[in-house]
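Novice: This is the structure, below, for whatever I ask next.
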Amino acid sequence: MPIPTEPIGSVPRPLELITGFQDHAEGRIDSTALRELTDAALADTVSRMAATGSPVVTDGEQDKPSFLTYPVAGIPDLSPDGAVVPFADGHTRQLPVLTSGPFRYAARAVDQLRATRRLTDLPVKQAVIAPSALSLLYPADGIEGYPRERFLADLADEAEADIRTCLEAGADSVQLDFTEGRLSLKLDPSGGLLRDFTALITTVLARFSAEERARIGVHTCPGGDQDSTHSADVDYAELLPTLFAVPAGRFYVQLASEPDRKRTLAVIRDHLPAGARVFVGVVDPIDPRVETAEEVRDRVLEAAEFIPLEQLGTCDDCGFAPFADDTSTSRDTAFAKIAARVEGTRLAAEALGA
């Protein structure tokens, strides 16, 4: 498409798979039975995403318990009582905390990528978790014999491998989920935590060539979950200048649900680095109403007033179900919104003569 358009990541899991995750956790089904459910969900997801006309597909994170913890699911050296993330509607998500080292991933996103590529000839985008999010697993009081510096070095190695194996396995692009970016400014308004986060991401991305970084992007949003967010009240103007200093070739920015899109677009225009492409959110996964293609078209045309076409793309604001147990949005609604994004982007390109 003249204006590229991409999904962000997660698609709501079928009820059978959600139940299967619970049954597996409680010992009612074995890993083979769960694998049959995830394989069926993946095949349906790829087929339905392709049917929307999407030029790029993803695995919809069907096999991940959450977008955040998939690399450490099931490892023994974790305690459940980590940092708590509060959402605007009052619900919370709690992270685990590391109890010993060395830190290693138990699973890599490349497994989902390979499974998806076997099902389609379309380009496949793979989402991975940013190392900054996993840095929150290290306890504030430290780990005896395993200092934070060694943990961060191990984490950087593991994050690099997660990205690199996806690129080498044929990913069209790799997206780092950086929902904690906006949240960091809520936790530390001075920006110190944000600078620590982006420094860690920069350390990892600096290990890739310029050609590889052109296929690596960073996604930012206010943390959608169960139709709520954790940091929508944080000003993008405080985040984006620091984020855009990260040496990524692509940035994915939640925008459709912003109360003042033009103000955010002006910040993007003023700070987007030359040569990078920004994909702006044009559908809102939290809004139960499905946007029309014409609404999407108008949002793209609005963005084109601020961003050169050669640097513009579109996306969903966020994943539709970053945590596997989130049933706030149906699969039918998610795919309808994706279809509206694809068609609306095509209409905008036509209107712009692209």
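Identifiers in the structure tokens: chain A, B, ... in order shown; residue index from 1 per chain; ligand index from 1 in order shown.
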Can you build me a table of stretch 131-219 of chain A residues sitting at most 12 Å from stretch 71-80 of chain A, with the closest atom pair per residue and its distance in Å to one decimal, using only C-alpha atoms, sorted by chain and residue number, as JSON lines?
Specialist:
{"residue": "A:Pro131", "atom": "CA", "partner": "A:Pro71", "partner_atom": "CA", "distance": 10.7}
{"residue": "A:Ala133", "atom": "CA", "partner": "A:Pro71", "partner_atom": "CA", "distance": 11.5}
{"residue": "A:Leu134", "atom": "CA", "partner": "A:Pro71", "partner_atom": "CA", "distance": 9.1}
{"residue": "A:Leu137", "atom": "CA", "partner": "A:Leu78", "partner_atom": "CA", "distance": 8.6}
{"residue": "A:Tyr138", "atom": "CA", "partner": "A:Leu78", "partner_atom": "CA", "distance": 9.9}
{"residue": "A:Pro139", "atom": "CA", "partner": "A:Ser79", "partner_atom": "CA", "distance": 10.2}
{"residue": "A:Ile143", "atom": "CA", "partner": "A:Asp77", "partner_atom": "CA", "distance": 11.3}
{"residue": "A:Leu155", "atom": "CA", "partner": "A:Pro71", "partner_atom": "CA", "distance": 10.9}
{"residue": "A:Glu158", "atom": "CA", "partner": "A:Pro71", "partner_atom": "CA", "distance": 9.4}
{"residue": "A:Ala159", "atom": "CA", "partner": "A:Pro71", "partner_atom": "CA", "distance": 9.6}
{"residue": "A:Ala161", "atom": "CA", "partner": "A:Pro71", "partner_atom": "CA", "distance": 11.6}
{"residue": "A:Asp162", "atom": "CA", "partner": "A:Pro71", "partner_atom": "CA", "distance": 9.0}
Novice: Now that the selection is made, can you save its residues with N, CA, C and O atoms as a PDB file, in the first residue's frame?
Specialist:
ATOM      1  N   PRO A 131      13.138  -4.626  26.517  1.00  0.00           N
ATOM      2  CA  PRO A 131      13.915  -4.995  27.707  1.00  0.00           C
ATOM      3  C   PRO A 131      13.616  -4.103  28.902  1.00  0.00           C
ATOM      4  O   PRO A 131      13.756  -4.534  30.048  1.00  0.00           O
ATOM      5  N   ALA A 133      10.777  -3.139  30.010  1.00  0.00           N
ATOM      6  CA  ALA A 133       9.691  -3.706  30.808  1.00  0.00           C
ATOM      7  C   ALA A 133      10.203  -4.809  31.712  1.00  0.00           C
ATOM      8  O   ALA A 133       9.852  -4.885  32.900  1.00  0.00           O
ATOM      9  N   LEU A 134      11.051  -5.678  31.172  1.00  0.00           N
ATOM     10  CA  LEU A 134      11.572  -6.786  31.971  1.00  0.00           C
ATOM     11  C   LEU A 134      12.579  -6.327  33.014  1.00  0.00           C
ATOM     12  O   LEU A 134      12.837  -7.046  33.982  1.00  0.00           O
ATOM     13  N   LEU A 137      11.568  -6.511  36.636  1.00  0.00           N
ATOM     14  CA  LEU A 137      11.553  -7.764  37.389  1.00  0.00           C
ATOM     15  C   LEU A 137      12.624  -7.809  38.470  1.00  0.00           C
ATOM     16  O   LEU A 137      12.533  -8.618  39.399  1.00  0.00           O
ATOM     17  N   TYR A 138      13.633  -6.968  38.349  1.00  0.00           N
ATOM     18  CA  TYR A 138      14.720  -7.002  39.336  1.00  0.00           C
ATOM     19  C   TYR A 138      14.264  -6.309  40.622  1.00  0.00           C
ATOM     20  O   TYR A 138      13.759  -5.182  40.593  1.00  0.00           O
ATOM     21  N   PRO A 139      14.427  -6.957  41.784  1.00  0.00           N
ATOM     22  CA  PRO A 139      13.909  -6.382  43.034  1.00  0.00           C
ATOM     23  C   PRO A 139      14.676  -5.156  43.485  1.00  0.00           C
ATOM     24  O   PRO A 139      15.886  -5.029  43.256  1.00  0.00           O
ATOM     25  N   ILE A 143      19.652  -8.722  44.591  1.00  0.00           N
ATOM     26  CA  ILE A 143      19.761 -10.175  44.719  1.00  0.00           C
ATOM     27  C   ILE A 143      21.197 -10.499  45.113  1.00  0.00           C
ATOM     28  O   ILE A 143      22.150 -10.088  44.429  1.00  0.00           O
ATOM     29  N   LEU A 155      20.053  -9.257  30.563  1.00  0.00           N
ATOM     30  CA  LEU A 155      18.789  -8.874  29.941  1.00  0.00           C
ATOM     31  C   LEU A 155      19.017  -8.323  28.536  1.00  0.00           C
ATOM     32  O   LEU A 155      18.287  -8.662  27.594  1.00  0.00           O
ATOM     33  N   GLU A 158      19.682 -11.181  26.193  1.00  0.00           N
ATOM     34  CA  GLU A 158      18.472 -11.956  25.905  1.00  0.00           C
ATOM     35  C   GLU A 158      17.534 -11.185  24.979  1.00  0.00           C
ATOM     36  O   GLU A 158      16.934 -11.762  24.061  1.00  0.00           O
ATOM     37  N   ALA A 159      17.391  -9.879  25.208  1.00  0.00           N
ATOM     38  CA  ALA A 159      16.530  -9.064  24.348  1.00  0.00           C
ATOM     39  C   ALA A 159      17.085  -9.002  22.929  1.00  0.00           C
ATOM     40  O   ALA A 159      16.328  -9.092  21.952  1.00  0.00           O
ATOM     41  N   ALA A 161      18.871 -11.281  21.460  1.00  0.00           N
ATOM     42  CA  ALA A 161      18.627 -12.584  20.839  1.00  0.00           C
ATOM     43  C   ALA A 161      17.168 -12.732  20.428  1.00  0.00           C
ATOM     44  O   ALA A 161      16.863 -13.319  19.371  1.00  0.00           O
ATOM     45  N   ASP A 162      16.250 -12.212  21.234  1.00  0.00           N
ATOM     46  CA  ASP A 162      14.823 -12.307  20.906  1.00  0.00           C
ATOM     47  C   ASP A 162      14.528 -11.575  19.600  1.00  0.00           C
ATOM     48  O   ASP A 162      13.784 -12.070  18.747  1.00  0.00           O
TER      49      ASP A 162
END
Novice: Can you list, as number ranges by chain, every protein, DNA or RNA residue that comes within 6 Å of A:Val296 when you count only C-alpha atoms, leaving out same-chain residues fewer than 2 positions away?
Specialist: A: 282, 293-294, 298-299, 344
Novice: Report as a PDB file with N, CA and C atoms, in the first residue's frame all protein, DNA and RNA residues lying within 12 Å of A:Gly217, evaluated on only C-alpha atoms, omitting residues in the same chain fewer than 3 positions from it.
Specialist:
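File produced: result_7.pdb:
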ATOM      1  N   GLU A   6      -0.160  -1.460   9.573  1.00  0.00           N
ATOM      2  CA  GLU A   6       0.235  -2.672  10.288  1.00  0.00           C
ATOM      3  C   GLU A   6      -0.593  -2.849  11.563  1.00  0.00           C
ATOM      4  N   ILE A   8      -0.822  -3.920  15.541  1.00  0.00           N
ATOM      5  CA  ILE A   8       0.114  -3.755  16.647  1.00  0.00           C
ATOM      6  C   ILE A   8       0.511  -5.095  17.260  1.00  0.00           C
ATOM      7  N   LYS A 125       4.785  -9.669  10.802  1.00  0.00           N
ATOM      8  CA  LYS A 125       5.394  -8.791  11.813  1.00  0.00           C
ATOM      9  C   LYS A 125       5.380  -9.517  13.155  1.00  0.00           C
ATOM     10  N   GLN A 126       6.464  -9.363  13.921  1.00  0.00           N
ATOM     11  CA  GLN A 126       6.517 -10.037  15.216  1.00  0.00           C
ATOM     12  C   GLN A 126       6.702  -9.025  16.345  1.00  0.00           C
ATOM     13  N   ALA A 127       5.819  -9.094  17.333  1.00  0.00           N
ATOM     14  CA  ALA A 127       5.948  -8.247  18.521  1.00  0.00           C
ATOM     15  C   ALA A 127       6.797  -8.952  19.570  1.00  0.00           C
ATOM     16  N   VAL A 128       7.676  -8.198  20.222  1.00  0.00           N
ATOM     17  CA  VAL A 128       8.470  -8.690  21.347  1.00  0.00           C
ATOM     18  C   VAL A 128       8.362  -7.670  22.474  1.00  0.00           C
ATOM     19  N   ILE A 129       8.677  -8.116  23.671  1.00  0.00           N
ATOM     20  CA  ILE A 129       8.641  -7.182  24.792  1.00  0.00           C
ATOM     21  C   ILE A 129       9.944  -6.389  24.855  1.00  0.00           C
ATOM     22  N   ALA A 130       9.843  -5.108  25.143  1.00  0.00           N
ATOM     23  CA  ALA A 130      11.038  -4.280  25.286  1.00  0.00           C
ATOM     24  C   ALA A 130      11.803  -4.686  26.548  1.00  0.00           C
ATOM     25  N   ILE A 163      15.111 -10.396  19.432  1.00  0.00           N
ATOM     26  CA  ILE A 163      14.920  -9.621  18.209  1.00  0.00           C
ATOM     27  C   ILE A 163      15.654 -10.258  17.034  1.00  0.00           C
ATOM     28  N   ASP A 172       9.147  -9.630   8.772  1.00  0.00           N
ATOM     29  CA  ASP A 172       9.141  -8.406   7.973  1.00  0.00           C
ATOM     30  C   ASP A 172       9.591  -7.233   8.828  1.00  0.00           C
ATOM     31  N   SER A 173       9.166  -7.245  10.091  1.00  0.00           N
ATOM     32  CA  SER A 173       9.599  -6.240  11.057  1.00  0.00           C
ATOM     33  C   SER A 173       9.437  -6.820  12.454  1.00  0.00           C
ATOM     34  N   VAL A 174      10.110  -6.207  13.408  1.00  0.00           N
ATOM     35  CA  VAL A 174      10.012  -6.600  14.813  1.00  0.00           C
ATOM     36  C   VAL A 174       9.648  -5.358  15.607  1.00  0.00           C
ATOM     37  N   GLN A 175       8.603  -5.475  16.408  1.00  0.00           N
ATOM     38  CA  GLN A 175       8.098  -4.350  17.202  1.00  0.00           C
ATOM     39  C   GLN A 175       8.367  -4.576  18.679  1.00  0.00           C
ATOM     40  N   LEU A 176       9.032  -3.624  19.324  1.00  0.00           N
ATOM     41  CA  LEU A 176       9.257  -3.666  20.763  1.00  0.00           C
ATOM     42  C   LEU A 176       8.082  -2.981  21.459  1.00  0.00           C
ATOM     43  N   ASP A 177       7.388  -3.713  22.314  1.00  0.00           N
ATOM     44  CA  ASP A 177       6.279  -3.135  23.070  1.00  0.00           C
ATOM     45  C   ASP A 177       6.825  -2.363  24.267  1.00  0.00           C
ATOM     46  N   PHE A 178       6.541  -1.063  24.280  1.00  0.00           N
ATOM     47  CA  PHE A 178       7.125  -0.146  25.267  1.00  0.00           C
ATOM     48  C   PHE A 178       6.017   0.605  26.002  1.00  0.00           C
ATOM     49  N   ILE A 201      17.097   0.295  25.950  1.00  0.00           N
ATOM     50  CA  ILE A 201      16.661  -0.049  24.594  1.00  0.00           C
ATOM     51  C   ILE A 201      17.738   0.354  23.582  1.00  0.00           C
ATOM     52  N   THR A 202      18.322   1.528  23.765  1.00  0.00           N
ATOM     53  CA  THR A 202      19.373   1.991  22.865  1.00  0.00           C
ATOM     54  C   THR A 202      20.574   1.057  22.897  1.00  0.00           C
ATOM     55  N   LEU A 205      19.576  -1.891  20.704  1.00  0.00           N
ATOM     56  CA  LEU A 205      19.448  -1.588  19.278  1.00  0.00           C
ATOM     57  C   LEU A 205      20.783  -1.202  18.645  1.00  0.00           C
ATOM     58  N   GLU A 212      19.227  -3.372   9.649  1.00  0.00           N
ATOM     59  CA  GLU A 212      18.389  -4.131  10.569  1.00  0.00           C
ATOM     60  C   GLU A 212      17.481  -3.225  11.382  1.00  0.00           C
ATOM     61  N   ARG A 213      18.019  -2.097  11.834  1.00  0.00           N
ATOM     62  CA  ARG A 213      17.206  -1.181  12.648  1.00  0.00           C
ATOM     63  C   ARG A 213      16.045  -0.595  11.849  1.00  0.00           C
ATOM     64  N   ALA A 214      16.188  -0.531  10.521  1.00  0.00           N
ATOM     65  CA  ALA A 214      15.085  -0.048   9.692  1.00  0.00           C
ATOM     66  C   ALA A 214      13.876  -0.973   9.795  1.00  0.00           C
ATOM     67  N   THR A 220       4.468   2.694  21.532  1.00  0.00           N
ATOM     68  CA  THR A 220       4.103   3.346  22.786  1.00  0.00           C
ATOM     69  C   THR A 220       2.602   3.558  22.850  1.00  0.00           C
ATOM     70  N   LEU A 243      11.734   9.438  23.473  1.00  0.00           N
ATOM     71  CA  LEU A 243      11.543   8.193  22.745  1.00  0.00           C
ATOM     72  C   LEU A 243      12.139   8.266  21.348  1.00  0.00           C
ATOM     73  N   PHE A 244      11.944   9.377  20.661  1.00  0.00           N
ATOM     74  CA  PHE A 244      12.411   9.488  19.287  1.00  0.00           C
ATOM     75  C   PHE A 244      13.934   9.568  19.176  1.00  0.00           C
ATOM     76  N   VAL A 246      15.710   7.196  20.453  1.00  0.00           N
ATOM     77  CA  VAL A 246      16.077   5.783  20.347  1.00  0.00           C
ATOM     78  C   VAL A 246      16.350   5.460  18.875  1.00  0.00           C
ATOM     79  N   PRO A 247      17.418   4.726  18.574  1.00  0.00           N
ATOM     80  CA  PRO A 247      17.793   4.501  17.165  1.00  0.00           C
ATOM     81  C   PRO A 247      16.985   3.411  16.475  1.00  0.00           C
ATOM     82  N   ALA A 248      15.663   3.530  16.503  1.00  0.00           N
ATOM     83  CA  ALA A 248      14.787   2.599  15.801  1.00  0.00           C
ATOM     84  C   ALA A 248      14.404   3.187  14.450  1.00  0.00           C
ATOM     85  N   GLY A 249      14.050   2.320  13.518  1.00  0.00           N
ATOM     86  CA  GLY A 249      13.639   2.798  12.210  1.00  0.00           C
ATOM     87  C   GLY A 249      12.161   3.088  12.116  1.00  0.00           C
ATOM     88  N   ARG A 250      11.394   2.587  13.113  1.00  0.00           N
ATOM     89  CA  ARG A 250       9.945   2.741  13.097  1.00  0.00           C
ATOM     90  C   ARG A 250       9.448   3.068  14.498  1.00  0.00           C
ATOM     91  N   PHE A 251       8.402   3.845  14.556  1.00  0.00           N
ATOM     92  CA  PHE A 251       7.732   4.134  15.821  1.00  0.00           C
ATOM     93  C   PHE A 251       6.229   3.964  15.612  1.00  0.00           C
ATOM     94  N   TYR A 252       5.587   3.332  16.574  1.00  0.00           N
ATOM     95  CA  TYR A 252       4.150   3.086  16.538  1.00  0.00           C
ATOM     96  C   TYR A 252       3.535   3.839  17.708  1.00  0.00           C
ATOM     97  N   VAL A 253       2.703   4.839  17.400  1.00  0.00           N
ATOM     98  CA  VAL A 253       2.219   5.765  18.421  1.00  0.00           C
ATOM     99  C   VAL A 253       0.696   5.715  18.511  1.00  0.00           C
ATOM    100  N   ALA A 276      13.165   7.978   9.804  1.00  0.00           N
ATOM    101  CA  ALA A 276      12.295   7.072  10.555  1.00  0.00           C
ATOM    102  C   ALA A 276      10.857   7.217  10.063  1.00  0.00           C
ATOM    103  N   ARG A 277      10.086   6.151  10.222  1.00  0.00           N
ATOM    104  CA  ARG A 277       8.678   6.194   9.865  1.00  0.00           C
ATOM    105  C   ARG A 277       7.850   6.077  11.140  1.00  0.00           C
ATOM    106  N   VAL A 278       6.782   6.872  11.231  1.00  0.00           N
ATOM    107  CA  VAL A 278       5.887   6.793  12.379  1.00  0.00           C
ATOM    108  C   VAL A 278       4.534   6.250  11.922  1.00  0.00           C
ATOM    109  N   PHE A 279       4.093   5.202  12.589  1.00  0.00           N
ATOM    110  CA  PHE A 279       2.777   4.626  12.351  1.00  0.00           C
ATOM    111  C   PHE A 279       1.853   5.184  13.435  1.00  0.00           C
TER     112      PHE A 279
END
Novice: Tell me which of A:Leu167, A:Leu98, A:Leu34, A:Leu183 sits closest to A:Tyr146, counting only C-alpha atoms.
Specialist: A:Leu98
Novice: Please compute the atom CA of A:Val97-atom CA of A:His219 distance, one decimal, in Å.
Specialist: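 That distance, rounded to one decimal, is 23.9 Å.
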Novice: When you count only C-alpha atoms, which of these residues is closest to A:Leu309: A:Leu347, A:Leu240, A:Leu272, A:Ala354?
Specialist: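 Residue with the minimum atom-to-atom distance to A:Leu309: A:Ala354.
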Novice: Quick check, in Å to one decimal: how far apart do atom CA of A:Leu95 and atom CA of A:Val283 lie?
Specialist: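 Result for atom CA of A:Leu95 versus atom CA of A:Val283: 28.1 Å, one decimal.
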Novice: Quick one: DSSP strand (DSSP E) residues in stretch 76-294 of chain A, as a ChimeraX atom specification?
Specialist: /A:78-79,84-86,92-94,97-98,125-129,173-177,216-220,250-253,277-283
Novice: Could you check the closest approach to A:Ser228 for each of A:Pro273, A:Ser132, A:Ala88, A:Thr327 and tell me which residue wins, using only C-alpha atoms?
Specialist: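 Answer, going by the shortest atom-to-atom distance: A:Ala88.
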Novice: What does the distance between atom CA of A:Gly313 and atom CA of A:Thr333 come to in Å, to one decimal place?
Specialist: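 Interatomic distance, atom CA of A:Gly313 to atom CA of A:Thr333: 22.0 Å.
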Novice: Neighbours of stretch 41-43 of chain A within 8 Å (only C-alpha atoms; same-chain residues fewer than 2 positions away dropped), as JSON, numbers by chain?
Specialist: {"A": [13, 14, 17, 37, 38, 39, 45, 46, 47, 59, 60, 62, 63, 116, 119]}
Novice: Grab the residues selected above and save them as a PDB file, in the first residue's frame with C-alpha atoms.
Specialist:
ATOM      1  CA  ARG A  13      -8.244 -15.220  22.082  1.00  0.00           C
ATOM      2  CA  PRO A  14     -11.178 -17.551  21.362  1.00  0.00           C
ATOM      3  CA  LEU A  17      -8.288 -21.016  24.253  1.00  0.00           C
ATOM      4  CA  LEU A  37      -5.987 -25.088  21.040  1.00  0.00           C
ATOM      5  CA  THR A  38      -3.265 -22.493  20.387  1.00  0.00           C
ATOM      6  CA  ASP A  39      -2.557 -23.900  16.918  1.00  0.00           C
ATOM      7  CA  THR A  45      -6.254 -15.489  13.483  1.00  0.00           C
ATOM      8  CA  VAL A  46      -3.958 -15.507  10.452  1.00  0.00           C
ATOM      9  CA  SER A  47      -6.828 -16.408   8.130  1.00  0.00           C
ATOM     10  CA  ASP A  59       0.300 -14.149  15.313  1.00  0.00           C
ATOM     11  CA  GLY A  60      -2.138 -12.108  17.392  1.00  0.00           C
ATOM     12  CA  GLN A  62      -2.455 -16.272  20.702  1.00  0.00           C
ATOM     13  CA  ASP A  63       0.248 -18.371  22.352  1.00  0.00           C
ATOM     14  CA  THR A 116       2.760 -17.980  11.658  1.00  0.00           C
ATOM     15  CA  LEU A 119       0.390 -20.465   7.553  1.00  0.00           C
TER      16      LEU A 119
END
